[in-house]
Amino acid sequence: MDSQSNSTLEQINDLLEHGTVNQVSALLNEYNPADIASLLESLPQNERKAIWELVSLEKTGEVLAHVNDTVRAALIKVMDADELIQAIEVMDIDDLADILPDIPDHNLKIILRSLDKQRRSRLERVLPYAEDTAGGLMNTDTI
């Protein structure tokens with residue numbers, strides 16, 4: 001973890017001990033999704049869950065795209081279907097395809113039904129490709 005992450009973690013810990021939840025949330029959401037992802041990966045699981053609940057819904061999709069697979073699966077488990085739907089609305093199709101295996105079946109059906117026809121069609125085109133192949137790495141939004 002770099003010194004900026006340590007500083008952020010110290011600020012958040014200080015606010016958790018001496019500040020309000022709103023202050024922690026405001027500080028946290030000043031950071032970009034990749035930095036939030038790095039922070040979440042550095043936290044123990046119980047602290048990660050508490051911090052995750054403070055991430056704005058507008059950023060959750062992008063954060064999910066940046067965290068490692070283990071952390072992503074744990075974060076998705078604590079989200080309900082409505083939160084997942086809001087998170088995926090801002091995700092690129094290739095990122096969405098990457099996180100689908102981590103979504104529990106009962107939520108997956110709801111999420112897939114929430115997609116409009118165009119997004120569902122684009123998602124179906126990228127799903128057959130493994131994540132680490134050229135087809136899995138391509139971004140169909142660009143094409």
# chains A, B, ... in the order shown; residues from 1 in each chain; ligands from 1
>>> residues_around(residues="stretch 53-64 of chain A", least_positions_apart="5", cutoff="7 Å", atoms="only C-alpha atoms", output="list of chain:residue names")
A:Ser25, A:Leu28, A:Asn29, A:Pro33, A:Ala34, A:Ile36, A:Ala37, A:Arg72, A:Gln86, A:Ala87, A:Ile88, A:Val90, A:Met91
>>> select_by_dssp(residues="chain A", states="alpha helix (DSSP H)", output="number ranges by chain")
A: 3-18, 21-28, 33-42, 45-52, 57-66, 69-77, 81-88, 93-99, 105-114, 117-126, 134-137
>>> residues_around(residues="stretch 41-49 of chain A", least_positions_apart="6", cutoff="8 Å", atoms="only C-alpha atoms", output="CSV table (one decimal) with C-alpha atoms, in the first residue's frame")
chain,number,residue,atom,x,y,z
A,1,MET,CA,0.0,0.0,0.0
A,67,VAL,CA,-11.4,-4.5,-6.8
A,68,ASN,CA,-9.9,-8.0,-7.0
A,71,VAL,CA,-13.1,-8.6,-2.5
A,75,LEU,CA,-18.9,-6.8,-1.6
A,78,VAL,CA,-23.8,-7.7,1.0
>>> residues_around(residues="stretch 6-18 of chain A", least_positions_apart="6", cutoff="8 Å", atoms="only C-alpha atoms", output="ChimeraX atom specification")
/A:24,27-28,39
>>> write_last_selection(atoms="N, CA and C atoms", output="PDB file, in the first residue's frame")
ATOM      1  N   VAL A  24     -17.160  10.759   7.035  1.00  0.00           N
ATOM      2  CA  VAL A  24     -16.412   9.645   6.440  1.00  0.00           C
ATOM      3  C   VAL A  24     -16.872   9.443   5.002  1.00  0.00           C
ATOM      4  N   LEU A  27     -15.569  12.256   2.692  1.00  0.00           N
ATOM      5  CA  LEU A  27     -14.145  12.093   2.395  1.00  0.00           C
ATOM      6  C   LEU A  27     -13.938  10.942   1.420  1.00  0.00           C
ATOM      7  N   LEU A  28     -14.558   9.842   1.695  1.00  0.00           N
ATOM      8  CA  LEU A  28     -14.409   8.647   0.869  1.00  0.00           C
ATOM      9  C   LEU A  28     -14.815   8.920  -0.572  1.00  0.00           C
ATOM     10  N   LEU A  39      -8.286   1.070  -1.362  1.00  0.00           N
ATOM     11  CA  LEU A  39      -8.535   1.216   0.071  1.00  0.00           C
ATOM     12  C   LEU A  39      -9.317   0.021   0.608  1.00  0.00           C
TER      13      LEU A  39
END
>>> closest_residue(among="A:Arg120, A:Lys77, A:Arg113, A:His106", to="A:Asp94", atoms="only C-alpha atoms")
A:Arg120
>>> closest_residue(among="A:Leu108, A:Ile51, A:Ala73, A:Leu40", to="A:Asn22", atoms="only C-alpha atoms")
A:Ile51
